[in-house]
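*Asks:* File upload-v7.cif below, mmCIF, C-alpha atoms:
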```
data_run
#
loop_
_atom_site.label_atom_id
_atom_site.label_comp_id
_atom_site.auth_asym_id
_atom_site.auth_seq_id
_atom_site.Cartn_x
_atom_site.Cartn_y
_atom_site.Cartn_z
CA MET A 1 78.91 138.85 90.80
CA LYS A 2 76.14 136.54 89.60
CA SER A 3 76.73 133.59 87.31
CA ALA A 4 75.44 133.71 83.73
CA LEU A 5 74.80 130.84 81.30
CA THR A 6 74.70 131.41 77.53
CA SER A 7 73.47 128.73 75.15
CA ILE A 8 74.77 128.21 71.61
CA PRO A 9 72.62 125.71 69.67
CA ALA A 10 74.24 123.00 67.58
CA HIS A 11 74.61 124.11 63.95
CA HIS A 12 74.74 120.65 62.39
CA PRO A 13 73.10 118.25 64.85
CA ALA A 14 72.22 115.50 62.36
CA GLY A 15 75.49 113.62 62.73
CA SER A 16 75.21 113.24 66.50
CA ARG A 17 71.49 113.06 67.11
CA GLY A 18 70.21 110.48 69.54
CA ALA A 19 66.75 109.21 70.36
CA GLY A 20 64.01 111.78 69.86
CA GLY A 21 66.24 114.05 67.78
CA THR A 22 68.32 115.13 70.76
CA SER A 23 71.98 116.18 70.59
CA PRO A 24 74.77 116.10 73.19
CA ALA A 25 75.70 119.23 75.10
CA ILE A 26 78.94 120.52 76.62
CA LEU A 27 79.33 123.08 79.39
CA VAL A 28 82.20 125.49 78.61
CA LEU A 29 84.17 126.94 81.52
CA PRO A 30 86.61 129.72 80.53
CA GLY A 31 89.76 130.31 82.54
CA GLY A 32 91.01 133.38 84.35
CA GLY A 33 92.61 132.22 87.59
CA TYR A 34 89.30 132.42 89.47
CA ALA A 35 89.70 136.20 89.14
CA ARG A 36 88.04 136.88 85.75
CA GLN A 37 86.63 135.20 82.64
CA ALA A 38 88.75 134.89 79.49
CA ASP A 39 86.50 135.88 76.58
CA HIS A 40 88.50 133.97 73.95
CA GLU A 41 87.92 130.75 75.93
CA ALA A 42 84.16 131.31 76.09
CA GLU A 43 81.76 131.93 73.18
CA PRO A 44 84.30 131.19 70.39
CA VAL A 45 84.75 127.73 71.90
CA GLY A 46 80.99 127.30 72.11
CA GLU A 47 80.71 128.15 68.41
CA TRP A 48 83.35 125.53 67.59
CA LEU A 49 81.40 122.89 69.53
CA ALA A 50 78.15 123.93 67.88
CA ALA A 51 79.78 123.37 64.48
CA LEU A 52 80.45 119.78 65.57
CA GLY A 53 76.75 119.21 66.23
CA ILE A 54 76.99 119.75 69.99
CA HIS A 55 74.88 122.22 71.97
CA ALA A 56 77.23 124.50 73.93
CA PHE A 57 76.51 126.30 77.17
CA VAL A 58 79.06 128.93 78.25
CA LEU A 59 79.11 129.60 81.99
CA ARG A 60 80.37 132.83 83.53
CA TYR A 61 80.77 131.40 87.02
CA ARG A 62 81.42 133.44 90.15
CA VAL A 63 85.05 134.34 90.87
CA ALA A 64 86.94 136.32 93.55
CA PRO A 65 85.93 137.85 95.85
CA ASP A 66 83.48 134.92 95.92
CA ARG A 67 85.16 131.80 97.30
CA HIS A 68 84.74 128.05 97.12
CA PRO A 69 82.23 126.50 96.77
CA ALA A 70 80.60 129.34 94.77
CA PRO A 71 82.11 128.45 91.34
CA LEU A 72 81.40 124.74 91.86
CA GLU A 73 77.83 125.54 92.89
CA ASP A 74 77.43 127.51 89.66
CA ALA A 75 78.86 124.66 87.58
CA LYS A 76 76.60 122.07 89.22
CA GLU A 77 73.57 124.31 88.81
CA ALA A 78 74.45 124.64 85.13
CA MET A 79 74.85 120.88 84.68
CA LEU A 80 71.46 120.21 86.24
CA HIS A 81 69.86 122.96 84.14
CA ILE A 82 71.38 121.57 80.94
CA ARG A 83 70.09 118.07 81.70
CA ASN A 84 66.68 119.06 83.03
CA GLY A 85 66.12 122.76 82.39
CA SER A 86 63.70 124.67 80.21
CA HIS A 87 66.37 126.12 77.90
CA GLY A 88 64.51 125.12 74.75
CA LEU A 89 67.26 122.97 73.23
CA ALA A 90 66.84 119.26 72.48
CA VAL A 91 69.61 118.00 74.76
CA ASP A 92 70.29 114.31 75.28
CA PRO A 93 70.36 114.14 79.11
CA ASP A 94 72.67 111.12 78.98
CA ARG A 95 75.32 113.01 76.99
CA VAL A 96 76.25 116.18 78.84
CA GLY A 97 79.96 116.96 79.13
CA VAL A 98 82.24 119.71 80.34
CA LEU A 99 85.18 121.57 78.78
CA GLY A 100 87.41 123.85 80.81
CA PHE A 101 90.51 126.00 80.31
CA SER A 102 93.16 126.72 82.97
CA ALA A 103 91.27 127.53 86.21
CA GLY A 104 88.10 126.63 84.33
CA GLY A 105 89.82 123.30 83.78
CA HIS A 106 90.22 123.00 87.53
CA LEU A 107 86.52 123.67 87.93
CA ALA A 108 85.77 121.06 85.25
CA ALA A 109 88.04 118.51 86.94
CA THR A 110 86.51 119.03 90.40
CA LEU A 111 83.07 118.78 88.81
CA SER A 112 84.14 115.51 87.17
CA THR A 113 85.53 114.06 90.40
CA SER A 114 82.33 114.77 92.36
CA THR A 115 83.84 117.35 94.70
CA SER A 116 81.27 118.31 97.31
CA THR A 117 79.62 121.72 97.65
CA GLY A 118 77.87 120.71 100.86
CA SER A 119 74.46 121.00 99.18
CA ALA A 120 72.38 117.83 99.01
CA ARG A 121 70.47 119.31 96.08
CA LEU A 122 73.61 119.93 94.02
CA ASP A 123 75.84 117.02 95.06
CA VAL A 124 73.99 114.47 92.95
CA PRO A 125 75.09 112.13 90.13
CA GLU A 126 73.27 114.24 87.54
CA ALA A 127 75.71 117.11 88.25
CA VAL A 128 78.68 114.97 87.17
CA PRO A 129 79.51 115.24 83.44
CA ASP A 130 79.56 112.25 81.12
CA LEU A 131 82.90 113.24 79.60
CA THR A 132 85.54 115.88 80.21
CA VAL A 133 87.81 118.05 78.06
CA LEU A 134 90.65 119.80 79.90
CA CYS A 135 92.76 122.46 78.20
CA TYR A 136 96.04 123.37 80.00
CA PRO A 137 94.15 122.85 83.29
CA VAL A 138 94.98 123.67 86.85
CA VAL A 139 94.44 120.30 88.53
CA SER A 140 96.44 120.05 91.75
CA TYR A 141 96.31 122.34 94.75
CA THR A 142 99.15 120.45 96.45
CA GLN A 143 101.80 119.93 93.70
CA SER A 144 103.33 122.61 91.41
CA VAL A 145 100.65 124.93 92.72
CA HIS A 146 99.29 127.91 90.79
CA GLN A 147 99.13 130.14 93.85
CA GLY A 148 96.94 132.78 92.28
CA SER A 149 94.14 130.29 91.66
CA VAL A 150 94.44 128.96 95.20
CA ASP A 151 94.35 132.42 96.74
CA ASN A 152 91.40 133.57 94.64
CA LEU A 153 89.35 130.44 95.28
CA LEU A 154 90.23 129.70 98.91
CA GLY A 155 91.67 132.86 100.40
CA SER A 156 94.66 132.79 102.74
CA ALA A 157 95.78 129.76 104.75
CA PRO A 158 93.33 127.07 103.54
CA SER A 159 93.50 123.78 105.42
CA SER A 160 95.50 120.87 104.04
CA ASP A 161 92.31 118.81 103.95
CA LEU A 162 90.64 121.40 101.70
CA LEU A 163 93.68 121.54 99.41
CA ASP A 164 93.52 117.75 99.08
CA GLU A 165 89.80 117.85 98.41
CA LEU A 166 90.33 120.34 95.58
CA SER A 167 93.25 118.42 94.03
CA ALA A 168 91.31 116.52 91.38
CA GLU A 169 94.07 114.03 90.60
CA ARG A 170 93.72 112.70 94.15
CA ASN A 171 90.00 112.11 93.81
CA VAL A 172 89.73 110.15 90.56
CA THR A 173 87.79 106.89 90.79
CA ALA A 174 86.56 104.29 88.34
CA ALA A 175 83.35 106.36 88.10
CA THR A 176 85.16 109.52 86.90
CA PRO A 177 84.19 110.31 83.30
CA PRO A 178 86.58 109.76 80.36
CA ALA A 179 88.73 112.74 79.44
CA PHE A 180 90.57 114.42 76.61
CA VAL A 181 93.46 116.46 78.05
CA TRP A 182 96.03 118.73 76.41
CA HIS A 183 98.83 121.00 77.55
CA THR A 184 102.08 122.52 76.30
CA ALA A 185 105.43 121.40 77.71
CA ASP A 186 106.75 124.93 78.16
CA ASP A 187 103.63 126.42 79.76
CA ALA A 188 105.16 128.93 82.16
CA ALA A 189 101.99 129.44 84.20
CA ILE A 190 100.64 125.93 84.77
CA PRO A 191 103.14 123.06 84.48
CA ALA A 192 102.17 120.20 82.19
CA SER A 193 102.49 117.91 85.24
CA HIS A 194 98.92 118.94 86.14
CA SER A 195 97.61 117.31 82.96
CA LEU A 196 100.00 114.35 83.23
CA ASP A 197 98.91 113.62 86.80
CA TYR A 198 95.20 113.79 86.00
CA ALA A 199 95.48 111.60 82.91
CA GLY A 200 97.68 109.18 84.84
CA ALA A 201 95.13 108.95 87.65
CA LEU A 202 92.39 108.19 85.12
CA MET A 203 94.45 105.46 83.48
CA ARG A 204 95.29 103.86 86.84
CA ALA A 205 91.56 103.85 87.65
CA GLY A 206 90.77 102.17 84.33
CA VAL A 207 89.08 105.27 82.89
CA PRO A 208 89.72 106.05 79.20
CA ALA A 209 91.91 109.12 78.71
CA GLU A 210 93.57 110.79 75.74
CA LEU A 211 96.51 113.08 76.50
CA HIS A 212 98.43 115.42 74.19
CA VAL A 213 101.44 117.49 75.27
CA PHE A 214 102.73 119.84 72.59
CA PRO A 215 106.37 120.96 72.85
CA ARG A 216 105.72 124.68 72.63
CA GLY A 217 102.96 127.19 73.27
CA ARG A 218 102.19 129.87 75.80
CA HIS A 219 99.52 129.51 78.45
CA GLY A 220 96.01 130.63 77.54
CA LEU A 221 95.94 129.73 73.84
CA GLY A 222 92.22 129.01 73.64
CA LEU A 223 91.38 127.54 70.23
CA ALA A 224 95.06 128.06 69.33
CA ALA A 225 94.42 128.92 65.67
CA GLU A 226 97.65 129.47 63.73
CA GLU A 227 99.77 128.27 66.69
CA PRO A 228 101.88 125.44 65.19
CA GLY A 229 101.47 122.30 67.25
CA PRO A 230 98.69 123.29 69.65
CA ASP A 231 96.51 124.27 66.69
CA GLN A 232 95.95 120.53 66.25
CA TRP A 233 94.02 120.17 69.49
CA THR A 234 90.61 121.06 68.08
CA ARG A 235 90.95 118.51 65.29
CA LEU A 236 92.17 115.83 67.68
CA CYS A 237 89.40 116.59 70.17
CA ALA A 238 86.75 116.62 67.45
CA ALA A 239 87.92 113.17 66.34
CA TRP A 240 87.78 111.96 69.95
CA LEU A 241 84.24 113.29 70.34
CA GLU A 242 83.27 111.69 67.03
CA ARG A 243 84.60 108.30 68.17
CA ALA A 244 82.54 108.68 71.33
CA GLY A 245 79.45 109.24 69.18
CA TRP A 246 79.05 112.85 70.30
CA ALA A 247 80.10 114.79 67.22
CA SER A 248 79.70 114.86 63.48
CA PRO A 249 82.84 113.65 61.65
CA PRO A 250 85.40 116.48 61.75
CA SER A 251 85.58 116.65 57.96
CA ALA A 252 81.82 117.27 57.80
CA ALA A 253 81.70 119.58 60.79
CA GLY A 254 84.31 122.03 59.60
CA GLY A 255 86.44 121.89 62.75
CA ARG A 256 89.56 124.04 62.90
CA ASP A 257 92.98 122.66 61.99
#
```
Would you put the structure from the file into structure tokens?

*Replies:*
Amino acid sequence: MKSALTSIPAHHPAGSRGAGGTSPAILVLPGGGYARQADHEAEPVGEWLAALGIHAFVLRYRVAPDRHPAPLEDAKEAMLHIRNGSHGLAVDPDRVGVLGFSAGGHLAATLSTSTSTGSARLDVPEAVPDLTVLCYPVVSYTQSVHQGSVDNLLGSAPSSDLLDELSAERNVTAATPPAFVWHTADDAAIPASHSLDYAGALMRAGVPAELHVFPRGRHGLGLAAEEPGPDQWTRLCAAWLERAGWASPPSAAGGRD
């Protein structure tokens, strides 16, 4: 499988334009347990971001049978392309973020914590996002483990050192980008402790973090339209992005409630 990157231009960029008429961009990483790509966590999410005045880039990264570091290589390639590439969109290179769901959230978190691919060309500061949005993410490969994601990414019997390296909550530093994180308390696939531990690590490092845990909601909700409780996440995230200067005000951008 080869990776594929789809761009969705900002619909209403005026509210978040920077110098030279540029707009921020966010790389979208759908989930799927490192086995597949969840379509409802891909282009529909990009369209939502575009409505906020943010260029979206949806990445179909490599999954099993490809192993680590293939997905991380794809994500870093995409980040560098978004900042520097000839994609034809007026992207502000100082405002490029990442948004990931489930295993895509794990990929986003390892991208944000500068996990190494072993490539000097890819393991550069420009490949690290400027902010992070994590939606019911897999974060830890050592606590409350989602075994399917581990098996698909690392195969059988990975070393303890590699499991530590890919546990993003253990690798947060003061240089890790700010994050918006949400989960549901009764997620039967990925415990909310993954989000709690990552947000807690950010706070201990002095990095701004916003965390929302909704009482109910199955795993894999995506935009969560018409799902009472979790359906608030897009509005809350849009407000967070607006406060960061990345998005048009939610009322003007038509974000989902």

*Asks:* When the PyMOL selection byres ((chain A and resi 224-240) around 10) is applied to the file above, which residues end up in the set, as a PyMOL selection string?

*Replies:* chain A and resi 40+45+48-49+52+133+135+179-184+210+212-218+220-223+241-251+253-257

*Asks:* How would the residues just chosen look if you wrote them out with C-alpha atoms as a PDB file, in the frame of the given file?

*Replies:*
```pdb
ATOM      1  CA  HIS A  40      88.500 133.970  73.950  1.00  0.00           C
ATOM      2  CA  VAL A  45      84.750 127.730  71.900  1.00  0.00           C
ATOM      3  CA  TRP A  48      83.350 125.530  67.590  1.00  0.00           C
ATOM      4  CA  LEU A  49      81.400 122.890  69.530  1.00  0.00           C
ATOM      5  CA  LEU A  52      80.450 119.780  65.570  1.00  0.00           C
ATOM      6  CA  VAL A 133      87.810 118.050  78.060  1.00  0.00           C
ATOM      7  CA  CYS A 135      92.760 122.460  78.200  1.00  0.00           C
ATOM      8  CA  ALA A 179      88.730 112.740  79.440  1.00  0.00           C
ATOM      9  CA  PHE A 180      90.570 114.420  76.610  1.00  0.00           C
ATOM     10  CA  VAL A 181      93.460 116.460  78.050  1.00  0.00           C
ATOM     11  CA  TRP A 182      96.030 118.730  76.410  1.00  0.00           C
ATOM     12  CA  HIS A 183      98.830 121.000  77.550  1.00  0.00           C
ATOM     13  CA  THR A 184     102.080 122.520  76.300  1.00  0.00           C
ATOM     14  CA  GLU A 210      93.570 110.790  75.740  1.00  0.00           C
ATOM     15  CA  HIS A 212      98.430 115.420  74.190  1.00  0.00           C
ATOM     16  CA  VAL A 213     101.440 117.490  75.270  1.00  0.00           C
ATOM     17  CA  PHE A 214     102.730 119.840  72.590  1.00  0.00           C
ATOM     18  CA  PRO A 215     106.370 120.960  72.850  1.00  0.00           C
ATOM     19  CA  ARG A 216     105.720 124.680  72.630  1.00  0.00           C
ATOM     20  CA  GLY A 217     102.960 127.190  73.270  1.00  0.00           C
ATOM     21  CA  ARG A 218     102.190 129.870  75.800  1.00  0.00           C
ATOM     22  CA  GLY A 220      96.010 130.630  77.540  1.00  0.00           C
ATOM     23  CA  LEU A 221      95.940 129.730  73.840  1.00  0.00           C
ATOM     24  CA  GLY A 222      92.220 129.010  73.640  1.00  0.00           C
ATOM     25  CA  LEU A 223      91.380 127.540  70.230  1.00  0.00           C
ATOM     26  CA  LEU A 241      84.240 113.290  70.340  1.00  0.00           C
ATOM     27  CA  GLU A 242      83.270 111.690  67.030  1.00  0.00           C
ATOM     28  CA  ARG A 243      84.600 108.300  68.170  1.00  0.00           C
ATOM     29  CA  ALA A 244      82.540 108.680  71.330  1.00  0.00           C
ATOM     30  CA  GLY A 245      79.450 109.240  69.180  1.00  0.00           C
ATOM     31  CA  TRP A 246      79.050 112.850  70.300  1.00  0.00           C
ATOM     32  CA  ALA A 247      80.100 114.790  67.220  1.00  0.00           C
ATOM     33  CA  SER A 248      79.700 114.860  63.480  1.00  0.00           C
ATOM     34  CA  PRO A 249      82.840 113.650  61.650  1.00  0.00           C
ATOM     35  CA  PRO A 250      85.400 116.480  61.750  1.00  0.00           C
ATOM     36  CA  SER A 251      85.580 116.650  57.960  1.00  0.00           C
ATOM     37  CA  ALA A 253      81.700 119.580  60.790  1.00  0.00           C
ATOM     38  CA  GLY A 254      84.310 122.030  59.600  1.00  0.00           C
ATOM     39  CA  GLY A 255      86.440 121.890  62.750  1.00  0.00           C
ATOM     40  CA  ARG A 256      89.560 124.040  62.900  1.00  0.00           C
ATOM     41  CA  ASP A 257      92.980 122.660  61.990  1.00  0.00           C
TER      42      ASP A 257
END
```

*Asks:* Output the residue selection produced by the PyMOL selection byres ((chain A and resi 102) around 7) on the file above, formatted as a ChimeraX atom specification.

*Replies:* /A:31,100-101,103-106,135-138

*Asks:* Applied to this file, what does the PyMOL selection byres ((chain A and resi 5) around 12) return in terms of residues, put as JSON, numbers by chain?

*Replies:* {"A": [2, 3, 4, 6, 7, 8, 27, 28, 29, 30, 42, 43, 46, 56, 57, 58, 59, 60, 61, 62, 74, 75, 76, 77, 78, 79, 81, 82, 85, 87]}

*Asks:* Neighbouring residues of Val172 (chain A) were defined as those with any atom within 7 Å, considering all atoms listed in the file; residues of the same chain fewer than 4 positions away were excluded. Please report them as an mmCIF file with C-alpha atoms, in the frame of the given file.

*Replies:*
```cif
data_model
loop_
_atom_site.group_PDB
_atom_site.id
_atom_site.type_symbol
_atom_site.label_atom_id
_atom_site.label_comp_id
_atom_site.auth_asym_id
_atom_site.auth_seq_id
_atom_site.Cartn_x
_atom_site.Cartn_y
_atom_site.Cartn_z
ATOM 1 C CA THR A 113 85.530 114.060 90.400
ATOM 2 C CA ALA A 168 91.310 116.520 91.380
ATOM 3 C CA THR A 176 85.160 109.520 86.900
ATOM 4 C CA ALA A 201 95.130 108.950 87.650
ATOM 5 C CA LEU A 202 92.390 108.190 85.120
#
```

*Asks:* Just checking: using all atoms listed in the file, which residue out of A:Asp130, A:Asp197, A:Glu47, A:Asp161 ends up closest to Ser144 (chain A)?

*Replies:* A:Asp197
